[in-house]
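Content type mmCIF, C-alpha atoms, from the file my_file27.cif:
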```cif
data_model
#
loop_
_atom_site.label_atom_id
_atom_site.label_comp_id
_atom_site.auth_asym_id
_atom_site.auth_seq_id
_atom_site.Cartn_x
_atom_site.Cartn_y
_atom_site.Cartn_z
CA MET S 257 99.25 75.48 132.86
CA SER S 258 96.68 77.74 131.21
CA ASN S 259 99.40 79.02 128.89
CA THR S 260 100.30 75.44 127.93
CA ILE S 261 96.65 74.72 127.08
CA ALA S 262 96.36 77.99 125.15
CA VAL S 263 99.47 77.14 123.10
CA ALA S 264 98.29 73.56 122.44
CA LEU S 265 94.87 74.82 121.30
CA ALA S 266 96.46 77.52 119.12
CA VAL S 267 98.73 74.95 117.43
CA ALA S 268 95.79 72.57 116.85
CA ARG S 269 93.59 75.41 115.55
CA LYS S 270 96.36 76.53 113.21
CA ASP S 271 96.83 73.01 111.79
CA LEU S 272 93.10 72.43 111.34
CA ARG S 273 92.63 75.84 109.70
CA ALA S 274 95.49 75.13 107.29
CA GLU S 275 93.98 71.72 106.48
CA TRP S 276 90.52 73.25 105.99
CA ARG S 277 91.93 75.73 103.47
CA THR S 278 94.24 73.40 101.57
CA ARG S 279 92.19 70.18 101.93
CA GLU S 280 95.37 68.19 101.41
CA LEU S 281 94.89 65.34 103.83
CA VAL S 282 91.31 64.50 104.82
CA PRO S 283 89.83 64.01 101.31
CA ALA S 284 92.81 61.79 100.37
CA LEU S 285 92.46 59.77 103.58
CA ALA S 286 88.70 59.40 103.14
CA GLN S 287 89.23 58.17 99.58
CA PHE S 288 91.89 55.76 100.79
CA VAL S 289 89.73 54.16 103.49
CA VAL S 290 86.74 53.79 101.16
CA LEU S 291 88.98 52.19 98.52
CA ALA S 292 90.41 49.84 101.14
CA LEU S 293 86.89 48.75 102.06
CA VAL S 294 85.91 48.27 98.41
CA ILE S 295 88.98 46.07 97.82
CA ALA S 296 88.32 44.08 101.01
CA ASN S 297 84.71 43.66 99.97
CA PHE S 298 85.78 42.07 96.68
CA GLY S 299 88.73 40.19 98.21
CA PHE S 300 86.83 38.36 100.94
CA GLN S 301 83.73 36.25 100.63
CA ILE S 302 81.75 38.14 103.23
CA ASP S 303 78.42 37.00 104.60
CA SER S 304 76.52 37.75 107.80
CA ARG S 305 78.25 34.81 109.52
CA ASN S 306 81.90 35.82 109.00
CA ALA S 307 81.49 39.61 108.81
CA PRO S 308 82.04 40.18 112.58
CA MET S 309 85.36 38.29 112.30
CA ILE S 310 86.66 39.92 109.11
CA ALA S 311 85.35 43.49 109.41
CA PRO S 312 87.42 44.44 112.50
CA GLY S 313 90.61 43.36 110.73
CA VAL S 314 89.76 45.45 107.69
CA LEU S 315 88.82 48.38 109.95
CA TRP S 316 92.18 48.34 111.78
CA MET S 317 94.18 47.83 108.59
CA ALA S 318 92.56 50.90 107.03
CA LEU S 319 92.98 52.89 110.25
CA VAL S 320 96.64 51.99 110.69
CA PHE S 321 97.62 53.02 107.18
CA ALA S 322 95.48 56.16 107.23
CA GLY S 323 97.06 57.01 110.60
CA LEU S 324 100.58 56.60 109.25
CA VAL S 325 99.82 59.08 106.48
CA ALA S 326 98.04 61.54 108.79
CA PHE S 327 100.69 61.52 111.52
CA GLY S 328 103.55 61.52 109.03
CA ARG S 329 102.29 64.79 107.56
CA THR S 330 102.01 66.59 110.91
CA PHE S 331 105.70 67.35 111.27
CA ALA S 332 106.86 66.81 107.67
CA ALA S 333 104.89 69.88 106.56
CA GLU S 334 106.43 71.98 109.36
CA ARG S 335 109.93 70.89 108.36
CA GLU S 336 109.30 71.59 104.67
CA GLN S 337 108.06 75.10 105.49
CA ALA S 338 110.88 75.62 108.03
CA SER S 339 108.16 76.73 110.41
CA LEU S 340 108.89 74.25 113.20
CA GLU S 341 112.03 76.16 114.11
CA ALA S 342 110.06 79.41 114.20
CA MET S 343 107.65 77.79 116.68
CA LEU S 344 110.47 76.41 118.80
CA MET S 345 112.16 79.82 118.87
CA THR S 346 109.32 81.06 121.06
CA PRO S 347 109.16 80.49 124.83
CA ALA S 348 106.22 78.10 124.28
CA SER S 349 106.70 74.68 125.83
CA PRO S 350 107.67 71.98 123.31
CA VAL S 351 105.24 69.70 125.14
CA ALA S 352 102.39 72.14 124.41
CA ILE S 353 103.42 72.35 120.77
CA PHE S 354 103.53 68.56 120.56
CA ALA S 355 100.14 68.25 122.27
CA GLY S 356 98.62 70.70 119.80
CA LYS S 357 100.03 68.85 116.81
CA ALA S 358 98.85 65.50 118.21
CA LEU S 359 95.38 66.93 118.91
CA ALA S 360 95.04 68.22 115.35
CA ALA S 361 96.25 64.91 113.88
CA THR S 362 93.81 63.03 116.13
CA LEU S 363 90.90 65.17 114.98
CA LEU S 364 91.88 64.68 111.33
CA LEU S 365 91.95 60.92 111.85
CA VAL S 366 88.60 61.10 113.65
CA GLY S 367 87.28 62.88 110.55
CA CYS S 368 88.56 59.97 108.51
CA GLU S 369 86.92 57.52 110.93
CA ALA S 370 83.62 59.36 110.46
CA VAL S 371 83.77 58.14 106.85
CA LEU S 372 85.30 54.74 107.62
CA LEU S 373 82.83 53.47 110.22
CA PRO S 374 79.59 54.13 108.29
CA ALA S 375 81.28 52.80 105.14
CA LEU S 376 82.18 49.61 107.03
CA THR S 377 78.52 49.18 107.97
CA LEU S 378 77.54 49.79 104.36
CA PHE S 379 79.99 47.32 102.82
CA PHE S 380 80.07 44.59 105.49
CA GLY S 381 76.63 44.93 107.05
CA THR S 382 78.16 45.11 110.54
CA PRO S 383 76.44 47.21 113.23
CA LEU S 384 77.60 50.75 113.98
CA SER S 385 77.26 51.15 117.72
CA VAL S 386 78.56 53.32 120.55
CA PRO S 387 80.90 50.56 121.88
CA ILE S 388 82.57 50.31 118.45
CA ILE S 389 82.99 54.10 118.20
CA ALA S 390 84.32 54.26 121.77
CA ALA S 391 86.94 51.55 121.10
CA VAL S 392 88.09 53.21 117.88
CA LEU S 393 88.31 56.66 119.49
CA LEU S 394 90.24 55.36 122.50
CA ALA S 395 92.73 53.58 120.24
CA THR S 396 93.08 56.72 118.12
CA ILE S 397 94.27 58.77 121.12
CA GLY S 398 97.18 56.50 121.97
CA MET S 399 98.05 55.85 118.34
CA ALA S 400 98.11 59.59 117.69
CA ALA S 401 100.44 60.25 120.64
CA LEU S 402 102.91 57.60 119.46
CA GLY S 403 102.52 58.40 115.77
CA CYS S 404 103.17 62.11 116.30
CA LEU S 405 106.20 61.47 118.50
CA PHE S 406 107.85 59.26 115.89
CA ALA S 407 106.77 61.63 113.10
CA ALA S 408 108.61 64.41 114.95
CA MET S 409 111.66 62.19 115.35
CA VAL S 410 111.91 61.19 111.69
CA ALA S 411 110.79 64.49 110.15
CA ARG S 412 114.37 65.64 109.62
CA VAL S 413 115.46 62.28 108.18
CA ARG S 414 115.47 61.74 104.43
CA ALA S 415 113.98 58.21 104.56
CA ARG S 416 111.15 59.27 106.89
CA GLU S 417 108.40 57.52 104.88
CA LEU S 418 110.22 54.24 105.46
CA LEU S 419 111.26 54.86 109.05
CA LEU S 420 107.90 56.02 110.39
CA PRO S 421 106.09 52.68 109.87
CA LEU S 422 109.13 50.74 111.08
CA LEU S 423 109.18 52.64 114.37
CA THR S 424 105.46 53.13 114.86
CA LEU S 425 103.82 49.86 113.85
CA PRO S 426 105.42 47.66 116.56
CA LEU S 427 104.24 50.05 119.26
CA TRP S 428 100.75 50.29 117.79
CA ILE S 429 100.28 46.52 118.15
CA PRO S 430 98.76 46.77 121.68
CA PHE S 431 96.12 49.18 120.35
CA ILE S 432 95.39 46.97 117.36
CA VAL S 433 95.09 43.85 119.54
CA ALA S 434 92.94 45.44 122.27
CA GLY S 435 90.97 47.61 119.83
CA GLY S 436 90.45 44.66 117.48
CA GLN S 437 89.15 42.52 120.31
CA ALA S 438 86.82 45.27 121.55
CA VAL S 439 85.38 45.85 118.09
CA GLN S 440 84.98 42.11 117.43
CA VAL S 441 83.03 41.67 120.67
CA ALA S 442 80.95 44.76 119.92
CA MET S 443 80.13 43.25 116.53
CA GLY S 444 78.87 40.04 118.11
CA ALA S 445 81.90 37.75 118.58
CA SER S 446 82.55 36.14 121.94
CA GLY S 447 84.86 37.75 124.51
CA THR S 448 84.88 40.50 127.11
CA TYR S 449 84.45 44.02 125.82
CA ASP S 450 85.14 45.75 129.16
CA GLN S 451 88.52 44.11 129.57
CA ALA S 452 89.64 45.21 126.09
CA LEU S 453 88.37 48.72 126.70
CA ALA S 454 90.18 48.92 130.06
CA LEU S 455 93.38 47.84 128.31
CA LEU S 456 92.92 50.58 125.73
CA ILE S 457 92.48 53.17 128.49
CA ASP S 458 95.61 51.90 130.26
CA PHE S 459 97.65 52.05 127.04
CA ASP S 460 96.33 55.55 126.34
CA ILE S 461 97.41 56.83 129.75
CA LEU S 462 100.80 55.11 129.51
CA PHE S 463 101.67 56.33 126.03
CA VAL S 464 100.26 59.85 126.39
CA VAL S 465 102.39 60.35 129.52
CA LEU S 466 105.51 58.78 127.96
CA THR S 467 105.25 60.71 124.70
CA SER S 468 104.65 63.99 126.57
CA LEU S 469 107.84 63.41 128.54
CA ALA S 470 109.81 62.48 125.42
CA ALA S 471 108.40 65.30 123.28
CA ARG S 472 110.57 67.95 124.94
CA PHE S 473 113.76 66.13 123.99
CA VAL S 474 112.60 65.14 120.52
CA LEU S 475 111.47 68.63 119.53
CA ASP S 476 113.93 70.87 121.26
CA GLU S 477 117.21 68.95 120.98
CA MET C 1472 128.05 96.42 129.20
CA SER C 1473 128.21 93.11 127.29
CA ILE C 1474 124.92 91.50 126.31
CA LEU C 1475 126.56 88.50 124.64
CA VAL C 1476 129.82 86.73 125.45
CA ALA C 1477 130.95 83.68 123.46
CA ASN C 1478 134.09 81.68 124.18
CA GLY C 1479 135.50 79.02 121.90
CA LEU C 1480 132.28 78.30 120.02
CA THR C 1481 132.87 75.27 117.81
CA HIS C 1482 130.36 73.29 115.80
CA TRP C 1483 130.91 70.12 113.82
CA PHE C 1484 128.61 68.55 111.22
CA GLY C 1485 129.89 64.96 111.22
CA SER C 1486 133.56 65.24 110.32
CA ASP C 1487 133.25 68.79 108.93
CA VAL C 1488 133.85 71.77 111.14
CA ALA C 1489 131.31 74.56 110.54
CA ILE C 1490 132.73 77.09 113.00
CA GLU C 1491 135.82 76.76 115.13
CA SER C 1492 136.91 78.55 118.30
CA ILE C 1493 134.86 81.69 117.83
CA ASP C 1494 135.30 84.23 120.62
CA LEU C 1495 132.92 87.14 120.58
CA THR C 1496 131.70 89.93 122.82
CA ILE C 1497 128.82 92.19 121.86
CA ASP C 1498 127.84 95.23 123.89
CA THR C 1499 124.27 96.27 124.65
CA GLY C 1500 122.86 98.30 121.79
CA GLU C 1501 125.69 97.37 119.46
CA HIS C 1502 125.02 96.33 115.86
CA MET C 1503 127.44 93.71 114.59
CA ALA C 1504 127.64 92.39 111.05
CA VAL C 1505 128.94 88.93 110.22
CA LEU C 1506 130.55 88.75 106.80
CA GLY C 1507 131.96 85.79 104.91
CA GLU C 1508 131.75 83.75 101.75
CA ASN C 1509 129.14 81.01 101.28
CA GLY C 1510 129.96 78.16 103.66
CA ALA C 1511 132.07 80.37 105.92
CA GLY C 1512 129.86 79.46 108.91
CA LYS C 1513 127.70 82.58 109.17
CA THR C 1514 124.38 80.74 109.41
CA THR C 1515 125.72 78.19 111.91
CA LEU C 1516 127.11 80.95 114.12
CA LEU C 1517 123.86 82.94 113.97
CA ARG C 1518 121.75 79.88 114.76
CA ILE C 1519 123.88 79.23 117.83
CA LEU C 1520 123.70 82.88 118.93
CA ALA C 1521 119.90 82.78 118.48
CA THR C 1522 119.76 79.55 120.60
CA ALA C 1523 118.30 77.66 117.62
CA ALA C 1524 121.29 75.28 117.66
CA ARG C 1525 123.72 74.03 120.29
CA PRO C 1526 127.46 74.31 119.68
CA THR C 1527 129.52 71.12 119.85
CA SER C 1528 131.75 72.89 122.37
CA GLY C 1529 132.30 76.34 123.82
CA ARG C 1530 130.45 78.68 126.15
CA LEU C 1531 127.78 81.21 125.35
CA GLU C 1532 126.31 83.73 127.77
CA ILE C 1533 123.49 86.02 126.70
CA MET C 1534 122.07 88.71 129.01
CA GLY C 1535 123.91 87.09 131.90
CA LEU C 1536 122.28 83.68 131.33
CA ASP C 1537 123.93 80.47 130.17
CA ALA C 1538 122.49 80.21 126.65
CA LEU C 1539 122.88 76.43 126.55
CA ARG C 1540 120.85 75.87 129.71
CA GLU C 1541 118.37 78.76 129.69
CA ARG C 1542 117.24 78.63 126.09
CA ARG C 1543 113.52 79.02 126.75
CA ARG C 1544 114.01 81.98 129.07
CA LEU C 1545 116.27 83.65 126.53
CA ARG C 1546 113.83 83.12 123.67
CA ARG C 1547 111.53 85.66 125.30
CA ARG C 1548 114.23 88.23 124.61
CA ILE C 1549 115.69 87.08 121.29
CA GLY C 1550 114.20 87.65 117.86
CA PHE C 1551 115.50 85.49 115.01
CA VAL C 1552 115.04 85.86 111.28
CA ALA C 1553 116.31 82.65 109.73
CA HIS C 1554 117.38 82.01 106.15
CA ALA C 1555 113.91 80.67 105.23
CA PRO C 1556 110.86 82.75 106.28
CA GLY C 1557 109.20 79.73 107.96
CA LEU C 1558 105.63 80.99 107.51
CA TYR C 1559 102.35 79.13 107.14
CA PRO C 1560 101.35 79.66 103.50
CA ALA C 1561 97.66 78.84 104.00
CA LEU C 1562 97.28 81.40 106.79
CA SER C 1563 97.06 85.15 106.21
CA ALA C 1564 99.75 87.53 107.44
CA VAL C 1565 97.54 88.47 110.40
CA GLU C 1566 96.78 84.84 111.24
CA ASN C 1567 100.48 83.96 111.11
CA LEU C 1568 101.30 86.75 113.55
CA ASP C 1569 98.23 86.07 115.76
CA PHE C 1570 99.46 82.52 116.16
CA PHE C 1571 102.92 83.63 117.22
CA CYS C 1572 101.40 86.16 119.65
CA THR C 1573 99.85 83.21 121.48
CA LEU C 1574 103.14 81.31 121.48
CA HIS C 1575 105.01 84.35 122.82
CA GLY C 1576 102.22 85.24 125.24
CA VAL C 1577 101.93 88.81 123.93
CA SER C 1578 98.84 90.86 123.15
CA ARG C 1579 97.36 90.60 119.66
CA ALA C 1580 97.34 94.37 119.54
CA ARG C 1581 101.02 94.06 118.59
CA VAL C 1582 100.07 92.51 115.25
CA ALA C 1583 98.80 95.74 113.70
CA GLU C 1584 101.81 97.62 115.07
CA VAL C 1585 104.44 95.31 113.59
CA LEU C 1586 102.59 94.99 110.27
CA SER C 1587 102.67 98.76 110.03
CA VAL C 1588 106.41 98.83 110.85
CA VAL C 1589 107.24 96.39 108.03
CA GLY C 1590 104.76 97.99 105.61
CA LEU C 1591 102.40 95.05 105.21
CA SER C 1592 99.18 96.55 106.62
CA GLU C 1593 97.52 96.58 103.21
CA VAL C 1594 98.13 92.89 102.53
CA ALA C 1595 97.43 91.76 106.09
CA ARG C 1596 94.52 89.50 105.06
CA ARG C 1597 96.30 87.89 102.13
CA PRO C 1598 97.58 84.30 102.58
CA ALA C 1599 101.31 84.27 103.26
CA GLY C 1600 101.79 81.82 100.39
CA GLN C 1601 100.48 84.45 97.96
CA LEU C 1602 102.86 87.16 99.13
CA SER C 1603 106.01 87.93 97.16
CA ARG C 1604 109.34 86.67 98.52
CA GLY C 1605 110.19 90.15 99.74
CA MET C 1606 106.84 90.50 101.53
CA GLN C 1607 107.33 87.09 103.14
CA GLN C 1608 110.70 88.27 104.39
CA ARG C 1609 109.06 91.39 105.84
CA LEU C 1610 106.50 89.18 107.54
CA ALA C 1611 109.30 87.05 109.02
CA ILE C 1612 110.91 90.25 110.34
CA ALA C 1613 107.55 91.33 111.79
CA ARG C 1614 107.30 87.98 113.58
CA ALA C 1615 110.82 88.37 114.96
CA ILE C 1616 110.01 91.74 116.59
CA LEU C 1617 106.52 90.76 117.76
CA HIS C 1618 107.67 90.21 121.35
CA GLU C 1619 109.95 93.27 121.40
CA PRO C 1620 113.22 91.36 121.74
CA LYS C 1621 116.34 93.00 123.11
CA LEU C 1622 118.63 90.95 120.88
CA LEU C 1623 117.82 90.55 117.19
CA VAL C 1624 119.64 87.92 115.12
CA LEU C 1625 119.17 88.40 111.39
CA ASP C 1626 120.44 85.88 108.83
CA GLU C 1627 120.73 87.68 105.49
CA PRO C 1628 117.50 89.63 105.97
CA ASP C 1629 118.34 91.89 103.03
CA ALA C 1630 118.31 88.98 100.53
CA SER C 1631 114.93 89.87 99.01
CA LEU C 1632 113.81 93.05 100.72
CA GLY C 1633 114.13 95.40 97.76
CA SER C 1634 115.33 98.98 97.47
CA ASP C 1635 113.95 100.23 100.80
CA GLY C 1636 115.18 97.18 102.69
CA ALA C 1637 118.00 99.06 104.41
CA ASP C 1638 115.53 101.68 105.71
CA LEU C 1639 113.28 98.95 107.10
CA LEU C 1640 116.24 97.27 108.78
CA THR C 1641 117.35 100.59 110.25
CA THR C 1642 113.88 100.98 111.78
CA VAL C 1643 113.65 97.50 113.29
CA MET C 1644 117.26 97.58 114.54
CA ARG C 1645 116.79 100.85 116.42
CA ASP C 1646 117.23 100.50 120.21
CA ARG C 1647 118.17 96.84 119.90
CA THR C 1648 121.35 94.80 119.96
CA VAL C 1649 121.70 93.19 116.55
CA VAL C 1650 123.80 90.47 114.95
CA LEU C 1651 123.32 90.54 111.20
CA ALA C 1652 124.80 88.18 108.59
CA THR C 1653 125.07 89.55 105.08
CA HIS C 1654 127.09 89.38 101.88
CA ASP C 1655 126.59 93.10 101.34
CA HIS C 1656 129.61 94.99 102.72
CA ALA C 1657 128.01 98.36 102.03
CA LEU C 1658 124.90 97.39 103.99
CA ALA C 1659 127.02 96.06 106.84
CA ASN C 1660 128.93 99.31 106.90
CA ARG C 1661 125.76 101.38 106.86
CA LEU C 1662 123.88 99.49 109.56
CA CYS C 1663 126.57 98.15 111.90
CA GLN C 1664 129.30 99.63 114.04
CA ARG C 1665 131.44 96.50 113.97
CA THR C 1666 132.04 93.59 111.63
CA LEU C 1667 133.14 90.02 112.24
CA VAL C 1668 134.68 88.32 109.23
CA LEU C 1669 134.50 84.52 108.98
CA ARG C 1670 136.58 82.33 106.68
CA HIS C 1671 136.26 78.53 106.65
CA GLY C 1672 134.53 78.67 110.02
CA ARG C 1673 137.23 80.69 111.74
CA SER C 1674 137.17 84.30 112.76
CA VAL C 1675 139.53 86.34 110.64
CA GLY C 1676 138.98 89.25 113.01
CA THR C 1677 136.63 92.08 113.83
CA ALA C 1678 136.79 95.56 112.43
CA THR C 1679 135.08 98.84 113.23
CA ARG C 1680 133.16 100.79 110.61
CA LEU C 1681 136.17 103.04 110.00
CA HIS C 1682 138.44 100.08 109.21
CA ILE C 1683 135.95 98.62 106.76
CA VAL C 1684 135.74 101.95 104.92
CA GLN C 1685 139.53 102.08 104.76
#
```

Structure re-expressed in structure tokens:
Amino acid sequence: MSNTIAVALAVARKDLRAEWRTRELVPALAQFVVLALVIANFGFQIDSRNAPMIAPGVLWMALVFAGLVAFGRTFAAEREQASLEAMLMTPASPVAIFAGKALAATLLLVGCEAVLLPALTLFFGTPLSVPIIAAVLLATIGMAALGCLFAAMVARVRARELLLPLLTLPLWIPFIVAGGQAVQVAMGASGTYDQALALLIDFDILFVVLTSLAARFVLDE
Amino acid sequence: MSILVANGLTHWFGSDVAIESIDLTIDTGEHMAVLGENGAGKTTLLRILATAARPTSGRLEIMGLDALRERRRLRRRIGFVAHAPGLYPALSAVENLDFFCTLHGVSRARVAEVLSVVGLSEVARRPAGQLSRGMQQRLAIARAILHEPKLLVLDEPDASLGSDGADLLTTVMRDRTVVLATHDHALANRLCQRTLVLRHGRSVGTATRLHIVQ
């Protein structure tokens, strides 16, 4: 078990270090989410009355597309460098390797969210509170697990940019629905926040377990 | 004593056969070269022998273990240098090897040792992406011997090694069983006791060093 954690942490550290040095992904994602907010700001007639209804939709749209890019890169880069095979030729557990990649992708997306959430407050005038951050972070965990699994599956396929959204988006819908509801309530709309948050936790547990079980077959076969 | 026994190894890519009915036995400590034209099936065979790929059919036993079922256990004892170096260009040579030490569960003290063996100690802190192709190949060889494997599978390791490449290979192959694919007959003859020749995915036969010379 300790070896699995050590491998997962080493893989995550390696990915984050490579990203820190190349700065390929996070600046591009941050630019993308800010641009998405700017466009939404001009596209919708936003006032204090409708902001809590519109802002969550814009938030999840930006997050979903940023996530597709972030998770798509996790395994595509390994395939391009032919380094995934080198990793799999070690006795390290494919599940640990997958967990490390998913952890790094999650942290990169969290970095992107650190730009997105304050920018949302700036453009839409919506509050930035702990319940909103908690809902977004919880959704990110499950979305990262699913996104990385499908990214690993399609990495060796030529049309991976097309296939990844086709496979991933339908399974992200529960996170978008529950996360959207939680954020809407946290921004002042009516509804039950706790129920949405409990759903997010349930989905996280379900998909983290399922993707961990599937990762062995996807990576090693 | 045989370290590797293969029976009827066959691999198909769609409707194309890459290797067909390869039978092979390699003794402990033996160095075997695999020769053949481009597309003869050398890389496919080596990837199967290194447990990086599964054959479509056939049996493979390595060190007494079923190589199709016990792949993770065998990977502790197999070192593989693939066609592409498969390094992380943003990480230094040391960081690349440190990372693989964790994955293999070996001490990081091995990093300095293997860098010295492949002659990369002086560029150890340089990003792998800034190393020459030959240096990257040396780094890939260093990674393959990091965990002191008993069986070393080398896919054209001489491709960009330079003039002292054969000496380096002699050093890393010492006291190990080796399967080496190459286009260089002279190198095969110098480093290996036996040669397997592939043509269109089939074994044309094996020959000892003496036969090759003749």

Could you state the separation of CA of Met343 in chain S and CA of Phe1571 in chain C in Å, given to one decimal place?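 If I compute the distance from CA of Met343 in chain S to CA of Phe1571 in chain C, I get 7.5 Å.
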
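Residues matched by the PyMOL selection byres ((chain S and resi 263) around 9) in this file: Ser258, Asn259, Thr260, Ile261, Ala262, Ala264, Leu265, Ala266, Val267, Ala268, Ala348, Ser349, Ala352, Ile353, Ala355 and Gly356 of chain S; Phe1570, Thr1573, Leu1574 and Gly1576 of chain C.
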
Residues within 9 Å of range 446-455 of chain S, all atoms listed in the file, excluding chain neighbours under 4 positions, as number ranges by chain: S: 387, 390-391, 394, 430-431, 433-442, 459-460

Interface list for chain C, partner chain S, 10 Å threshold, all atoms listed in the file, as a PDB file with C-alpha atoms, in the coordinates of the input:
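The result, written out as part_18.pdb:
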```pdb
ATOM      1  CA  ALA C1521     119.900  82.780 118.480  1.00  0.00           C
ATOM      2  CA  THR C1522     119.760  79.550 120.600  1.00  0.00           C
ATOM      3  CA  ALA C1523     118.300  77.660 117.620  1.00  0.00           C
ATOM      4  CA  ALA C1524     121.290  75.280 117.660  1.00  0.00           C
ATOM      5  CA  ARG C1525     123.720  74.030 120.290  1.00  0.00           C
ATOM      6  CA  ARG C1542     117.240  78.630 126.090  1.00  0.00           C
ATOM      7  CA  ARG C1543     113.520  79.020 126.750  1.00  0.00           C
ATOM      8  CA  ARG C1544     114.010  81.980 129.070  1.00  0.00           C
ATOM      9  CA  LEU C1545     116.270  83.650 126.530  1.00  0.00           C
ATOM     10  CA  ARG C1546     113.830  83.120 123.670  1.00  0.00           C
ATOM     11  CA  ARG C1547     111.530  85.660 125.300  1.00  0.00           C
ATOM     12  CA  ARG C1548     114.230  88.230 124.610  1.00  0.00           C
ATOM     13  CA  ILE C1549     115.690  87.080 121.290  1.00  0.00           C
ATOM     14  CA  GLY C1550     114.200  87.650 117.860  1.00  0.00           C
ATOM     15  CA  PHE C1551     115.500  85.490 115.010  1.00  0.00           C
ATOM     16  CA  VAL C1552     115.040  85.860 111.280  1.00  0.00           C
ATOM     17  CA  ALA C1553     116.310  82.650 109.730  1.00  0.00           C
ATOM     18  CA  HIS C1554     117.380  82.010 106.150  1.00  0.00           C
ATOM     19  CA  ALA C1555     113.910  80.670 105.230  1.00  0.00           C
ATOM     20  CA  PRO C1556     110.860  82.750 106.280  1.00  0.00           C
ATOM     21  CA  GLY C1557     109.200  79.730 107.960  1.00  0.00           C
ATOM     22  CA  LEU C1558     105.630  80.990 107.510  1.00  0.00           C
ATOM     23  CA  TYR C1559     102.350  79.130 107.140  1.00  0.00           C
ATOM     24  CA  PRO C1560     101.350  79.660 103.500  1.00  0.00           C
ATOM     25  CA  ALA C1561      97.660  78.840 104.000  1.00  0.00           C
ATOM     26  CA  LEU C1562      97.280  81.400 106.790  1.00  0.00           C
ATOM     27  CA  GLU C1566      96.780  84.840 111.240  1.00  0.00           C
ATOM     28  CA  ASN C1567     100.480  83.960 111.110  1.00  0.00           C
ATOM     29  CA  ASP C1569      98.230  86.070 115.760  1.00  0.00           C
ATOM     30  CA  PHE C1570      99.460  82.520 116.160  1.00  0.00           C
ATOM     31  CA  PHE C1571     102.920  83.630 117.220  1.00  0.00           C
ATOM     32  CA  CYS C1572     101.400  86.160 119.650  1.00  0.00           C
ATOM     33  CA  THR C1573      99.850  83.210 121.480  1.00  0.00           C
ATOM     34  CA  LEU C1574     103.140  81.310 121.480  1.00  0.00           C
ATOM     35  CA  HIS C1575     105.010  84.350 122.820  1.00  0.00           C
ATOM     36  CA  GLY C1576     102.220  85.240 125.240  1.00  0.00           C
ATOM     37  CA  ALA C1611     109.300  87.050 109.020  1.00  0.00           C
ATOM     38  CA  ARG C1614     107.300  87.980 113.580  1.00  0.00           C
ATOM     39  CA  ALA C1615     110.820  88.370 114.960  1.00  0.00           C
ATOM     40  CA  HIS C1618     107.670  90.210 121.350  1.00  0.00           C
TER      41      HIS C1618
END
```

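Minimum atom-to-atom distance to Thr1679 in chain C, evaluated using all atoms listed in the file, belongs to C:Met1503 out of C:Met1503, C:Leu1495, C:Met1606, C:Ile1474.
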
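With all atoms listed in the file as the atoms that count, the residue of C:Ser1563, C:Glu1627, C:Val1585, C:Ile1612 with the shortest distance to Ala1599 in chain C is C:Ser1563.
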
Enter the distance from CA of Ser1631 in chain C to CA of Val1668 in chain C, in Å, rounded to one decimal.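 It comes out at 22.3 Å.
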
Report, in Å to a single decimal, how far apart CA of Ala360 in chain S and CA of Ala296 in chain S are.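 Between CA of Ala296 in chain S and CA of Ala360 in chain S the gap is 28.9 Å.
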
Any chance you could work out the residue set of the PyMOL selection byres ((chain S and resi 398) around 7) here, as an MDAnalysis selection string? chainID S and resid 395:397 399:402 459:460 463:464

Preceding selection exported with C-alpha atoms as a compact mmCIF listing (two decimals), keeping the file's coordinate frame:
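Just written: again_20.txt:
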```txt
# COMPACT_ATOMS: atom_id res chain seq x y z
CA ALA S 395 92.73 53.58 120.24
CA THR S 396 93.08 56.72 118.12
CA ILE S 397 94.27 58.77 121.12
CA MET S 399 98.05 55.85 118.34
CA ALA S 400 98.11 59.59 117.69
CA ALA S 401 100.44 60.25 120.64
CA LEU S 402 102.91 57.60 119.46
CA PHE S 459 97.65 52.05 127.04
CA ASP S 460 96.33 55.55 126.34
CA PHE S 463 101.67 56.33 126.03
CA VAL S 464 100.26 59.85 126.39
```

Proximity to Thr1677 in chain C - best of C:Leu1480, C:Val1505, C:Val1650, C:Leu1475, only C-alpha atoms: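 The shortest atom-to-atom distance to Thr1677 in chain C comes from C:Val1505.
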
Quick check on the file I pasted: which residues fall under the PyMOL selection byres ((chain C and resi 1652) around 7)? Write them as a compact mmCIF listing (two decimals) with C-alpha atoms, in the frame of the given file.
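Everything below was put into part-v3.txt:
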```
# COMPACT_ATOMS: atom_id res chain seq x y z
CA ALA C 1504 127.64 92.39 111.05
CA VAL C 1505 128.94 88.93 110.22
CA LEU C 1506 130.55 88.75 106.80
CA LYS C 1513 127.70 82.58 109.17
CA LEU C 1625 119.17 88.40 111.39
CA ASP C 1626 120.44 85.88 108.83
CA GLU C 1627 120.73 87.68 105.49
CA VAL C 1650 123.80 90.47 114.95
CA LEU C 1651 123.32 90.54 111.20
CA THR C 1653 125.07 89.55 105.08
```

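Of the listed residues (S:Ala361, S:Leu372, S:Leu285, S:Val325), S:Val325 comes nearest to Leu420 in chain S; the distances count all atoms listed in the file.
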
Within 10 Å of Gly1500 in chain C, counting all atoms listed in the file, which residues qualify if same-chain residues fewer than 4 places away don't, as a PyMOL selection string? chain C and resi 1472-1474+1621-1622+1644-1649

Expected file: the selected residues, C-alpha atoms, as a short mmCIF file (atom, residue, chain, number, x, y, z; two decimals), in the coordinates of the input:
```cif
data_model
loop_
_atom_site.label_atom_id
_atom_site.label_comp_id
_atom_site.auth_asym_id
_atom_site.auth_seq_id
_atom_site.Cartn_x
_atom_site.Cartn_y
_atom_site.Cartn_z
CA MET C 1472 128.05 96.42 129.20
CA SER C 1473 128.21 93.11 127.29
CA ILE C 1474 124.92 91.50 126.31
CA LYS C 1621 116.34 93.00 123.11
CA LEU C 1622 118.63 90.95 120.88
CA MET C 1644 117.26 97.58 114.54
CA ARG C 1645 116.79 100.85 116.42
CA ASP C 1646 117.23 100.50 120.21
CA ARG C 1647 118.17 96.84 119.90
CA THR C 1648 121.35 94.80 119.96
CA VAL C 1649 121.70 93.19 116.55
#
```
